[in-house]
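J.: Just so it is clear, I am handing over upload_2.txt, which has compact mmCIF, C-alpha atoms.
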```
# COMPACT_ATOMS: atom_id res chain seq x y z
CA MET A 1 99.13 97.70 103.60
CA GLU A 2 98.74 98.18 107.36
CA SER A 3 102.27 96.80 107.70
CA PHE A 4 103.73 100.09 106.42
CA ASP A 5 104.37 102.93 108.85
CA LEU A 6 102.17 105.73 107.55
CA SER A 7 104.45 108.33 109.14
CA GLU A 8 107.21 107.06 106.83
CA PHE A 9 105.29 105.95 103.74
CA ARG A 10 102.58 107.46 101.61
CA VAL A 11 100.60 104.34 100.74
CA ILE A 12 98.48 104.01 97.59
CA THR A 13 96.35 100.90 97.22
CA PHE A 14 93.97 100.02 94.42
CA ASP A 15 91.50 97.38 93.31
CA GLN A 16 92.71 95.74 90.11
CA ARG A 17 90.30 95.66 87.20
CA GLY A 18 87.39 93.33 87.81
CA ALA A 19 87.96 93.16 91.59
CA GLY A 20 86.85 95.12 94.63
CA LYS A 21 85.20 98.38 93.61
CA SER A 22 86.45 98.18 90.02
CA THR A 23 83.80 98.01 87.34
CA PRO A 24 82.59 96.03 85.52
CA HIS A 25 82.59 93.65 88.47
CA ALA A 26 84.35 90.30 88.02
CA SER A 27 84.90 90.92 84.33
CA VAL A 28 87.66 88.98 82.58
CA GLU A 29 87.27 90.86 79.30
CA GLY A 30 90.54 92.61 78.48
CA ASN A 31 91.85 91.45 81.84
CA THR A 32 95.51 90.57 81.28
CA THR A 33 98.77 91.23 83.09
CA SER A 34 99.84 93.79 80.49
CA ALA A 35 96.51 95.59 80.97
CA LEU A 36 97.04 95.65 84.74
CA ILE A 37 100.52 97.09 84.24
CA THR A 38 99.00 99.83 82.10
CA ASP A 39 96.44 100.46 84.85
CA ILE A 40 99.19 100.81 87.45
CA GLU A 41 101.01 103.30 85.26
CA SER A 42 97.76 105.27 84.86
CA ILE A 43 97.44 105.45 88.65
CA ARG A 44 101.05 106.59 89.02
CA ASN A 45 100.53 109.30 86.41
CA HIS A 46 97.22 110.35 87.97
CA PHE A 47 98.96 111.08 91.26
CA ASP A 48 101.94 112.66 89.49
CA ILE A 49 104.38 110.24 91.10
CA ASP A 50 107.78 109.95 89.45
CA ARG A 51 108.94 106.80 91.27
CA TRP A 52 107.54 104.61 94.00
CA LEU A 53 108.20 101.55 96.14
CA VAL A 54 106.20 98.58 94.85
CA ALA A 55 104.83 96.04 97.31
CA GLY A 56 102.74 92.93 96.84
CA GLY A 57 101.97 89.54 98.27
CA SER A 58 100.74 86.32 96.67
CA TRP A 59 99.33 87.27 93.24
CA GLY A 60 100.49 90.79 94.13
CA SER A 61 104.11 89.59 94.23
CA CYS A 62 103.75 88.27 90.68
CA LEU A 63 102.18 91.52 89.47
CA ALA A 64 104.78 93.61 91.29
CA LEU A 65 107.62 91.74 89.57
CA ALA A 66 105.93 92.01 86.18
CA TYR A 67 105.30 95.73 86.65
CA GLY A 68 108.81 96.40 87.92
CA GLN A 69 110.42 94.59 85.02
CA ALA A 70 108.24 96.56 82.60
CA HIS A 71 109.00 99.92 84.28
CA PRO A 72 112.18 99.65 86.38
CA GLU A 73 112.82 103.38 85.97
CA ARG A 74 109.63 104.06 87.98
CA CYS A 75 110.57 101.94 91.00
CA PHE A 76 112.55 102.73 94.15
CA GLY A 77 112.49 99.08 95.16
CA PHE A 78 110.24 96.19 96.17
CA ARG A 79 108.77 94.43 99.18
CA LEU A 80 107.48 91.00 98.15
CA HIS A 81 105.91 88.21 100.16
CA GLY A 82 104.06 84.96 99.56
CA ILE A 83 105.88 84.55 96.27
CA PHE A 84 103.81 83.41 93.29
CA LEU A 85 105.62 83.07 89.96
CA ALA A 86 102.58 81.81 87.99
CA GLY A 87 104.46 78.87 86.50
CA PRO A 88 102.88 75.45 85.89
CA ASP A 89 104.33 74.16 89.18
CA ASP A 90 102.82 77.04 91.19
CA ILE A 91 99.41 76.51 89.63
CA ASP A 92 99.42 72.71 89.83
CA TRP A 93 100.43 72.90 93.49
CA TRP A 94 97.41 75.02 94.35
CA PHE A 95 94.88 72.81 92.60
CA ASN A 96 96.47 69.43 93.31
CA GLY A 97 99.58 69.56 95.48
CA MET A 98 97.90 70.90 98.60
CA ARG A 99 96.04 67.61 98.79
CA ALA A 100 99.16 66.21 100.45
CA ILE A 101 98.74 68.57 103.41
CA PHE A 102 95.00 69.20 103.46
CA PRO A 103 93.41 65.99 102.10
CA ASP A 104 90.22 66.65 104.07
CA HIS A 105 89.73 70.17 102.71
CA TRP A 106 90.87 69.15 99.22
CA GLU A 107 88.30 66.37 99.04
CA GLU A 108 85.54 68.86 99.82
CA PHE A 109 86.96 71.21 97.18
CA ALA A 110 87.15 68.45 94.56
CA ALA A 111 83.73 67.02 95.45
CA PHE A 112 82.08 70.14 94.05
CA ILE A 113 83.15 68.92 90.61
CA PRO A 114 81.73 65.75 89.03
CA GLU A 115 84.17 62.86 89.23
CA ALA A 116 84.64 62.70 85.45
CA GLU A 117 86.11 66.24 85.48
CA ARG A 118 88.30 66.05 88.58
CA HIS A 119 91.44 65.29 86.57
CA ASP A 120 91.51 69.02 85.71
CA LEU A 121 90.03 71.01 88.58
CA LEU A 122 91.27 74.34 87.25
CA SER A 123 89.41 74.02 83.96
CA ALA A 124 86.34 72.57 85.65
CA TYR A 125 86.10 75.44 88.12
CA TYR A 126 86.78 78.03 85.42
CA ARG A 127 83.95 76.68 83.27
CA ARG A 128 81.53 77.04 86.17
CA LEU A 129 82.80 80.44 87.21
CA THR A 130 82.21 81.78 83.70
CA CYS A 131 79.14 79.76 82.66
CA GLY A 132 76.65 82.62 82.80
CA ASN A 133 74.43 80.99 85.42
CA ALA A 134 74.66 83.23 88.48
CA GLN A 135 73.75 80.50 90.96
CA THR A 136 76.35 78.08 89.60
CA GLU A 137 79.03 80.80 89.42
CA VAL A 138 78.54 81.89 93.04
CA ALA A 139 78.44 78.29 94.31
CA ALA A 140 81.73 77.54 92.53
CA ALA A 141 83.27 80.74 93.88
CA LEU A 142 82.31 79.95 97.46
CA SER A 143 83.65 76.40 97.17
CA LEU A 144 86.98 77.63 95.82
CA ARG A 145 87.30 80.46 98.36
CA GLU A 146 86.45 78.21 101.28
CA PHE A 147 89.21 75.81 100.29
CA SER A 148 91.60 78.73 99.86
CA ALA A 149 90.70 80.24 103.23
CA LYS A 150 91.10 76.96 105.12
CA THR A 151 94.63 76.51 103.76
CA GLN A 152 95.97 80.03 104.40
CA THR A 153 96.48 80.14 108.16
CA PHE A 154 99.15 78.58 110.36
CA LEU A 155 96.46 77.31 112.74
CA PRO A 156 92.77 76.70 111.95
CA ASP A 157 90.93 80.03 111.99
CA PRO A 158 87.16 79.86 111.35
CA ALA A 159 86.88 83.65 111.66
CA HIS A 160 89.39 84.10 108.83
CA VAL A 161 87.45 81.66 106.67
CA ALA A 162 84.23 83.56 107.30
CA THR A 163 85.77 86.85 106.15
CA LEU A 164 86.49 85.40 102.69
CA LEU A 165 83.01 84.07 101.98
CA ASP A 166 81.16 87.20 100.91
CA PRO A 167 79.53 85.99 97.65
CA LYS A 168 80.23 89.11 95.58
CA SER A 169 83.88 89.31 96.60
CA ALA A 170 84.33 85.54 96.30
CA LEU A 171 83.05 85.59 92.72
CA SER A 172 85.49 88.26 91.55
CA VAL A 173 88.49 86.70 93.30
CA ALA A 174 87.72 83.13 92.21
CA ARG A 175 86.90 84.03 88.62
CA LEU A 176 89.96 86.23 88.18
CA PHE A 177 92.23 83.73 89.94
CA THR A 178 91.20 80.91 87.63
CA HIS A 179 91.28 83.23 84.59
CA TYR A 180 94.92 84.11 85.29
CA CYS A 181 95.84 80.51 86.11
CA MET A 182 94.24 79.28 82.88
CA ASN A 183 96.45 81.71 80.97
CA GLY A 184 99.70 81.37 82.93
CA ALA A 185 99.19 84.96 84.07
CA PHE A 186 99.76 85.96 80.42
CA LEU A 187 103.51 85.60 80.98
CA ALA A 188 106.10 83.71 78.97
CA PRO A 189 107.46 80.57 80.69
CA GLY A 190 110.01 81.59 83.31
CA GLN A 191 109.57 85.26 82.44
CA LEU A 192 109.78 86.70 85.94
CA LEU A 193 113.01 84.94 86.91
CA ALA A 194 114.56 85.59 83.49
CA GLY A 195 113.79 89.29 83.85
CA ILE A 196 115.48 89.86 87.21
CA ASP A 197 118.43 91.64 85.57
CA ARG A 198 116.07 94.51 84.74
CA ILE A 199 115.53 95.22 88.45
CA ARG A 200 118.59 93.64 90.09
CA HIS A 201 120.07 97.07 90.86
CA LEU A 202 117.05 98.04 92.97
CA PRO A 203 116.64 97.21 96.68
CA CYS A 204 114.22 94.42 97.49
CA GLN A 205 113.04 92.53 100.56
CA ILE A 206 111.55 89.05 100.03
CA VAL A 207 109.56 87.48 102.88
CA ASN A 208 107.91 84.04 102.90
CA GLY A 209 106.36 81.79 105.49
CA ARG A 210 108.20 78.52 106.00
CA TYR A 211 104.87 76.70 106.03
CA ASP A 212 103.13 78.72 103.34
CA THR A 213 100.92 76.11 101.72
CA VAL A 214 99.33 78.49 99.19
CA THR A 215 102.52 79.92 97.69
CA PRO A 216 105.09 77.42 98.94
CA MET A 217 108.63 78.24 99.95
CA LEU A 218 110.11 76.69 96.82
CA SER A 219 108.96 79.62 94.67
CA ALA A 220 110.41 82.14 97.13
CA TRP A 221 113.62 80.12 97.18
CA ARG A 222 113.83 80.19 93.38
CA LEU A 223 113.40 83.96 93.43
CA HIS A 224 116.04 84.25 96.15
CA ARG A 225 118.51 82.17 94.12
CA ALA A 226 117.86 84.24 91.00
CA TRP A 227 118.16 87.49 92.98
CA PRO A 228 120.68 86.89 95.80
CA GLU A 229 121.25 90.63 96.21
CA ALA A 230 117.71 90.99 97.58
CA GLY A 231 117.04 90.59 101.28
CA PHE A 232 115.45 87.23 102.05
CA THR A 233 113.62 86.29 105.23
CA ILE A 234 111.92 83.01 106.14
CA VAL A 235 109.24 83.34 108.81
CA THR A 236 109.16 79.99 110.57
CA GLU A 237 105.78 80.00 112.30
CA ALA A 238 103.79 81.34 109.37
CA ASN A 239 101.61 80.19 106.53
CA HIS A 240 100.14 82.49 103.85
CA GLN A 241 98.11 84.91 105.97
CA SER A 242 100.00 88.18 106.37
CA THR A 243 97.68 90.49 108.30
CA LYS A 244 98.65 89.38 111.80
CA GLY A 245 101.19 87.39 113.78
CA ALA A 246 104.80 86.69 112.90
CA MET A 247 104.32 87.29 109.17
CA PHE A 248 102.83 90.73 109.75
CA GLU A 249 105.62 91.67 112.15
CA GLU A 250 108.28 90.62 109.64
CA LEU A 251 106.62 92.64 106.88
CA VAL A 252 106.79 95.72 109.10
CA ALA A 253 110.50 95.05 109.68
CA ALA A 254 111.07 94.50 105.94
CA GLY A 255 109.48 97.87 105.19
CA GLU A 256 111.82 99.50 107.69
CA ARG A 257 114.84 97.80 106.13
CA LEU A 258 113.80 99.07 102.70
CA ARG A 259 113.40 102.58 104.06
CA ASP A 260 116.94 102.43 105.45
CA GLN A 261 118.30 101.16 102.11
CA LEU A 262 117.03 104.18 100.21
CA HIS A 263 119.15 107.25 99.65
CA PRO A 264 117.91 110.19 101.80
CA THR A 265 116.78 112.01 98.66
CA GLU A 266 114.83 108.96 97.51
CA ARG A 267 113.34 108.59 100.98
CA ALA A 268 112.07 112.15 100.93
CA LEU A 269 110.55 111.64 97.50
CA MET A 270 108.91 108.42 98.63
CA GLU A 271 107.34 110.01 101.73
CA HIS A 272 105.82 112.77 99.64
CA GLY A 273 104.91 110.58 96.68
CA ALA A 274 106.89 112.75 94.30
```
Have the structure of the file written as structure tokens, please.

T.:
Amino acid sequence: MESFDLSEFRVITFDQRGAGKSTPHASVEGNTTSALITDIESIRNHFDIDRWLVAGGSWGSCLALAYGQAHPERCFGFRLHGIFLAGPDDIDWWFNGMRAIFPDHWEEFAAFIPEAERHDLLSAYYRRLTCGNAQTEVAAALSLREFSAKTQTFLPDPAHVATLLDPKSALSVARLFTHYCMNGAFLAPGQLLAGIDRIRHLPCQIVNGRYDTVTPMLSAWRLHRAWPEAGFTIVTEANHQSTKGAMFEELVAAGERLRDQLHPTERALMEHGA
């Protein structure tokens, strides 16, 4: 969340269950979207925060929308980027559609799986990531994360790829990613777009890279069409990576626009986390 001005925002970040420093590490047991929403509410209550601005990118945009629609009364507004709606199209694009743009990287990704199973890469990877054999699980995680890393940047960036290949971190991200994809993020079909009326009255800034090949523009466009009151910005020279370059700069600007949209009383509460 480096893209928020810490003199204006009190920022609270957390590792979702099973990821980062959360324990048990990489566990999918009881790991559902509703459980994550309960976790977020526990964090809010722990810090005695009445309302807060909710921000998220990629999977975080999906979770932010789900949380906001479950608890709109606890939200000042939203900053969302790299929009992922967890529908069949979003998931199929990641495992199959990106082949159209990255056939070289996709072939390496698919080659990890025996040919007889390549018709369903999601299921094949999930079986290996949860098989109980540590060597197989880590190998599958590194294969999946390497493909992901190579498709995230606007230009090739070997240093970025290297940062995503820590075996422990790769295992939790890959296992949880496939777990949520296997289960449609535990959401009803079309749930996030159908639920926009619950948060339509709140300010929101939506940002997406024109050439985002991980969470493609079509999903952001669908959210924009369902929520035209929200700010919507397309960053032309950007892919999925959001920690530097044009995408990062636009996220900073989106945070400033949200700050200016808030009532002075809400702004004061936000700065102090009240």

J.: Name the residues in contact with A:Ala70 at a cut-off of 12 Å, using only C-alpha atoms, excluding same-chain residues fewer than 6 positions from it; report them as a list of chain:residue names.

T.: A:Thr33, A:Ser34, A:Ala35, A:Leu36, A:Ile37, A:Thr38, A:Ile40, A:Glu41, A:Leu63, A:Ala64, A:Gln191, A:Leu192, A:Gly195, A:Ile196, A:Asp197, A:Arg198, A:Ile199

J.: In Å, how far is it from atom CA of A:Ser22 to atom CA of A:Ala188?

T.: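 Calculated distance between atom CA of A:Ser22 and atom CA of A:Ala188 is 26.8 Å.
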
J.: Quick one: of A:Arg44, A:Arg257, A:Arg51, A:Arg128, who's nearest to A:Gly231, counting all atoms listed in the file?

T.: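 Closest to A:Gly231 of all the choices is A:Arg257.
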
J.: Using only C-alpha atoms, determine which residues lie at most 12 Å from A:Asp92, disregarding the query and same-chain residues fewer than 3 positions distant; provide the list as JSON, numbers by chain.

T.: {"A": [86, 87, 88, 89, 95, 96, 97, 98, 99, 119, 120, 121, 122, 123, 178, 181, 182, 184, 214, 215, 216]}

J.: With distances taken over all atoms listed in the file, which of A:Ile91, A:Leu129, A:Leu155, A:Leu262 is nearest to A:Ala170?

T.: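 Of the candidates, the smallest distance to A:Ala170 is held by A:Leu129.
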
J.: Find, counting all atoms listed in the file, the residue in A:Arg17, A:Leu65, A:Arg145, A:Tyr126 that gets nearest to A:Trp227.

T.: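 Checking each of A:Arg17, A:Leu65, A:Arg145, A:Tyr126 against A:Trp227, counting all atoms listed in the file, the winner is A:Leu65.
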
J.: Rounded to one decimal place, report the atom CA of A:Phe177-atom CA of A:Arg210 distance in Å.

T.: 23.2 Å

J.: Which one is closest to A:Lys21: A:Lys150, A:Lys168, A:His71, A:His201? Count all atoms listed in the file.

T.: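 Distance minimum relative to A:Lys21 lands on A:Lys168.
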
J.: Please provide the set of residues having any atom within 6 Å of stretch 239-245 of chain A, restricted to all atoms listed in the file, with same-chain residues fewer than 3 positions apart removed, written as a list of chain:residue names.

T.: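 Residues near the query, excluding close chain neighbours: A:Gln152, A:Thr153, A:Phe154, A:Gly209, A:Tyr211, A:Asp212, A:Phe248.
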
J.: Which residues are near A:His224? Cut-off 12 Å, only C-alpha atoms, ignore same chain within fewer than 3 positions. Put them as a PyMOL selection string.

T.: chain A and resi 80-81+83+193+196+200+204-208+217-221+227-234

J.: What would the file look like if the residues just selected were written as a PDB file, in the coordinates of the input with C-alpha atoms?

T.:
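Everything below was put into selection.pdb:
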```
ATOM      1  CA  LEU A  80     107.480  91.000  98.150  1.00  0.00           C
ATOM      2  CA  HIS A  81     105.910  88.210 100.160  1.00  0.00           C
ATOM      3  CA  ILE A  83     105.880  84.550  96.270  1.00  0.00           C
ATOM      4  CA  LEU A 193     113.010  84.940  86.910  1.00  0.00           C
ATOM      5  CA  ILE A 196     115.480  89.860  87.210  1.00  0.00           C
ATOM      6  CA  ARG A 200     118.590  93.640  90.090  1.00  0.00           C
ATOM      7  CA  CYS A 204     114.220  94.420  97.490  1.00  0.00           C
ATOM      8  CA  GLN A 205     113.040  92.530 100.560  1.00  0.00           C
ATOM      9  CA  ILE A 206     111.550  89.050 100.030  1.00  0.00           C
ATOM     10  CA  VAL A 207     109.560  87.480 102.880  1.00  0.00           C
ATOM     11  CA  ASN A 208     107.910  84.040 102.900  1.00  0.00           C
ATOM     12  CA  MET A 217     108.630  78.240  99.950  1.00  0.00           C
ATOM     13  CA  LEU A 218     110.110  76.690  96.820  1.00  0.00           C
ATOM     14  CA  SER A 219     108.960  79.620  94.670  1.00  0.00           C
ATOM     15  CA  ALA A 220     110.410  82.140  97.130  1.00  0.00           C
ATOM     16  CA  TRP A 221     113.620  80.120  97.180  1.00  0.00           C
ATOM     17  CA  TRP A 227     118.160  87.490  92.980  1.00  0.00           C
ATOM     18  CA  PRO A 228     120.680  86.890  95.800  1.00  0.00           C
ATOM     19  CA  GLU A 229     121.250  90.630  96.210  1.00  0.00           C
ATOM     20  CA  ALA A 230     117.710  90.990  97.580  1.00  0.00           C
ATOM     21  CA  GLY A 231     117.040  90.590 101.280  1.00  0.00           C
ATOM     22  CA  PHE A 232     115.450  87.230 102.050  1.00  0.00           C
ATOM     23  CA  THR A 233     113.620  86.290 105.230  1.00  0.00           C
ATOM     24  CA  ILE A 234     111.920  83.010 106.140  1.00  0.00           C
TER      25      ILE A 234
END
```

J.: Between atom CA of A:Asn45 and atom CA of A:Asn183, what is the distance in Å, rounded to a tenth?

T.: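 The value is 28.4 Å.
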
J.: Which residue, A:Glu115, A:Asp50, A:Asp104, A:Asp90, has the smallest gap to A:Thr151 when you use only C-alpha atoms?

T.: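 That would be A:Asp104, the residue with the smallest distance to A:Thr151.
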
J.: When you write stretch 241-253 of chain A out from the block above, keep all heavy atoms and present the result as a PDB file, in the first residue's frame, please.

T.:
```pdb
ATOM      1  N   GLN A 241       1.249  -5.416 -12.971  1.00  0.00           N
ATOM      2  CA  GLN A 241       2.116  -4.945 -11.891  1.00  0.00           C
ATOM      3  C   GLN A 241       1.727  -3.529 -11.479  1.00  0.00           C
ATOM      4  O   GLN A 241       1.518  -2.655 -12.318  1.00  0.00           O
ATOM      5  CB  GLN A 241       3.573  -4.974 -12.332  1.00  0.00           C
ATOM      6  CG  GLN A 241       4.562  -4.602 -11.236  1.00  0.00           C
ATOM      7  CD  GLN A 241       5.981  -4.493 -11.769  1.00  0.00           C
ATOM      8  OE1 GLN A 241       6.183  -4.139 -12.927  1.00  0.00           O
ATOM      9  NE2 GLN A 241       6.951  -4.789 -10.931  1.00  0.00           N
ATOM     10  N   SER A 242       1.651  -3.297 -10.161  1.00  0.00           N
ATOM     11  CA  SER A 242       1.148  -2.005  -9.684  1.00  0.00           C
ATOM     12  C   SER A 242       2.092  -1.311  -8.711  1.00  0.00           C
ATOM     13  O   SER A 242       1.723  -0.295  -8.132  1.00  0.00           O
ATOM     14  CB  SER A 242      -0.205  -2.204  -8.989  1.00  0.00           C
ATOM     15  OG  SER A 242      -0.074  -3.077  -7.880  1.00  0.00           O
ATOM     16  N   THR A 243       3.305  -1.818  -8.562  1.00  0.00           N
ATOM     17  CA  THR A 243       4.206  -1.261  -7.552  1.00  0.00           C
ATOM     18  C   THR A 243       5.186  -0.233  -8.108  1.00  0.00           C
ATOM     19  O   THR A 243       5.976   0.336  -7.349  1.00  0.00           O
ATOM     20  CB  THR A 243       5.003  -2.388  -6.869  1.00  0.00           C
ATOM     21  OG1 THR A 243       5.691  -3.159  -7.874  1.00  0.00           O
ATOM     22  CG2 THR A 243       4.071  -3.304  -6.091  1.00  0.00           C
ATOM     23  N   LYS A 244       5.131   0.005  -9.413  1.00  0.00           N
ATOM     24  CA  LYS A 244       5.988   1.034  -9.995  1.00  0.00           C
ATOM     25  C   LYS A 244       5.417   1.468 -11.338  1.00  0.00           C
ATOM     26  O   LYS A 244       4.494   0.848 -11.872  1.00  0.00           O
ATOM     27  CB  LYS A 244       7.424   0.531 -10.146  1.00  0.00           C
ATOM     28  CG  LYS A 244       7.588  -0.645 -11.096  1.00  0.00           C
ATOM     29  CD  LYS A 244       9.050  -1.086 -11.155  1.00  0.00           C
ATOM     30  CE  LYS A 244       9.251  -2.243 -12.122  1.00  0.00           C
ATOM     31  NZ  LYS A 244      10.668  -2.675 -12.164  1.00  0.00           N
ATOM     32  N   GLY A 245       5.967   2.543 -11.873  1.00  0.00           N
ATOM     33  CA  GLY A 245       5.569   2.992 -13.201  1.00  0.00           C
ATOM     34  C   GLY A 245       4.223   3.685 -13.239  1.00  0.00           C
ATOM     35  O   GLY A 245       3.715   4.182 -12.230  1.00  0.00           O
ATOM     36  N   ALA A 246       3.626   3.691 -14.411  1.00  0.00           N
ATOM     37  CA  ALA A 246       2.389   4.453 -14.644  1.00  0.00           C
ATOM     38  C   ALA A 246       1.251   3.952 -13.771  1.00  0.00           C
ATOM     39  O   ALA A 246       0.411   4.742 -13.313  1.00  0.00           O
ATOM     40  CB  ALA A 246       2.009   4.376 -16.120  1.00  0.00           C
ATOM     41  N   MET A 247       1.179   2.650 -13.545  1.00  0.00           N
ATOM     42  CA  MET A 247       0.094   2.101 -12.725  1.00  0.00           C
ATOM     43  C   MET A 247       0.215   2.594 -11.292  1.00  0.00           C
ATOM     44  O   MET A 247      -0.784   3.005 -10.672  1.00  0.00           O
ATOM     45  CB  MET A 247       0.137   0.574 -12.771  1.00  0.00           C
ATOM     46  CG  MET A 247      -1.088  -0.082 -12.198  1.00  0.00           C
ATOM     47  SD  MET A 247      -2.541   0.197 -13.239  1.00  0.00           S
ATOM     48  CE  MET A 247      -3.784  -0.614 -12.256  1.00  0.00           C
ATOM     49  N   PHE A 248       1.406   2.570 -10.753  1.00  0.00           N
ATOM     50  CA  PHE A 248       1.628   3.055  -9.394  1.00  0.00           C
ATOM     51  C   PHE A 248       1.252   4.526  -9.278  1.00  0.00           C
ATOM     52  O   PHE A 248       0.567   4.939  -8.332  1.00  0.00           O
ATOM     53  CB  PHE A 248       3.099   2.858  -9.006  1.00  0.00           C
ATOM     54  CG  PHE A 248       3.449   3.386  -7.648  1.00  0.00           C
ATOM     55  CD1 PHE A 248       3.245   2.627  -6.511  1.00  0.00           C
ATOM     56  CD2 PHE A 248       3.989   4.662  -7.508  1.00  0.00           C
ATOM     57  CE1 PHE A 248       3.575   3.111  -5.250  1.00  0.00           C
ATOM     58  CE2 PHE A 248       4.311   5.159  -6.261  1.00  0.00           C
ATOM     59  CZ  PHE A 248       4.106   4.383  -5.131  1.00  0.00           C
ATOM     60  N   GLU A 249       1.678   5.315 -10.237  1.00  0.00           N
ATOM     61  CA  GLU A 249       1.391   6.758 -10.202  1.00  0.00           C
ATOM     62  C   GLU A 249      -0.108   7.020 -10.243  1.00  0.00           C
ATOM     63  O   GLU A 249      -0.619   7.907  -9.544  1.00  0.00           O
ATOM     64  CB  GLU A 249       2.098   7.452 -11.370  1.00  0.00           C
ATOM     65  CG  GLU A 249       3.625   7.431 -11.253  1.00  0.00           C
ATOM     66  CD  GLU A 249       4.311   7.894 -12.518  1.00  0.00           C
ATOM     67  OE1 GLU A 249       3.597   8.310 -13.467  1.00  0.00           O
ATOM     68  OE2 GLU A 249       5.551   7.836 -12.579  1.00  0.00           O
ATOM     69  N   GLU A 250      -0.830   6.241 -11.030  1.00  0.00           N
ATOM     70  CA  GLU A 250      -2.278   6.440 -11.115  1.00  0.00           C
ATOM     71  C   GLU A 250      -2.975   5.996  -9.833  1.00  0.00           C
ATOM     72  O   GLU A 250      -3.982   6.597  -9.430  1.00  0.00           O
ATOM     73  CB  GLU A 250      -2.855   5.697 -12.311  1.00  0.00           C
ATOM     74  CG  GLU A 250      -4.341   5.910 -12.503  1.00  0.00           C
ATOM     75  CD  GLU A 250      -4.760   7.372 -12.473  1.00  0.00           C
ATOM     76  OE1 GLU A 250      -4.100   8.197 -13.126  1.00  0.00           O
ATOM     77  OE2 GLU A 250      -5.761   7.688 -11.788  1.00  0.00           O
ATOM     78  N   LEU A 251      -2.451   4.981  -9.171  1.00  0.00           N
ATOM     79  CA  LEU A 251      -3.035   4.567  -7.894  1.00  0.00           C
ATOM     80  C   LEU A 251      -2.850   5.651  -6.838  1.00  0.00           C
ATOM     81  O   LEU A 251      -3.745   5.891  -6.018  1.00  0.00           O
ATOM     82  CB  LEU A 251      -2.412   3.244  -7.426  1.00  0.00           C
ATOM     83  CG  LEU A 251      -2.845   2.010  -8.206  1.00  0.00           C
ATOM     84  CD1 LEU A 251      -2.079   0.786  -7.717  1.00  0.00           C
ATOM     85  CD2 LEU A 251      -4.343   1.773  -8.084  1.00  0.00           C
ATOM     86  N   VAL A 252      -1.711   6.308  -6.840  1.00  0.00           N
ATOM     87  CA  VAL A 252      -1.504   7.442  -5.930  1.00  0.00           C
ATOM     88  C   VAL A 252      -2.551   8.516  -6.206  1.00  0.00           C
ATOM     89  O   VAL A 252      -3.199   9.035  -5.287  1.00  0.00           O
ATOM     90  CB  VAL A 252      -0.081   8.023  -6.095  1.00  0.00           C
ATOM     91  CG1 VAL A 252       0.067   9.314  -5.284  1.00  0.00           C
ATOM     92  CG2 VAL A 252       0.968   7.001  -5.648  1.00  0.00           C
ATOM     93  N   ALA A 253      -2.737   8.851  -7.485  1.00  0.00           N
ATOM     94  CA  ALA A 253      -3.708   9.883  -7.858  1.00  0.00           C
ATOM     95  C   ALA A 253      -5.130   9.458  -7.481  1.00  0.00           C
ATOM     96  O   ALA A 253      -5.934  10.279  -7.033  1.00  0.00           O
ATOM     97  CB  ALA A 253      -3.617  10.168  -9.362  1.00  0.00           C
TER      98      ALA A 253
END
```
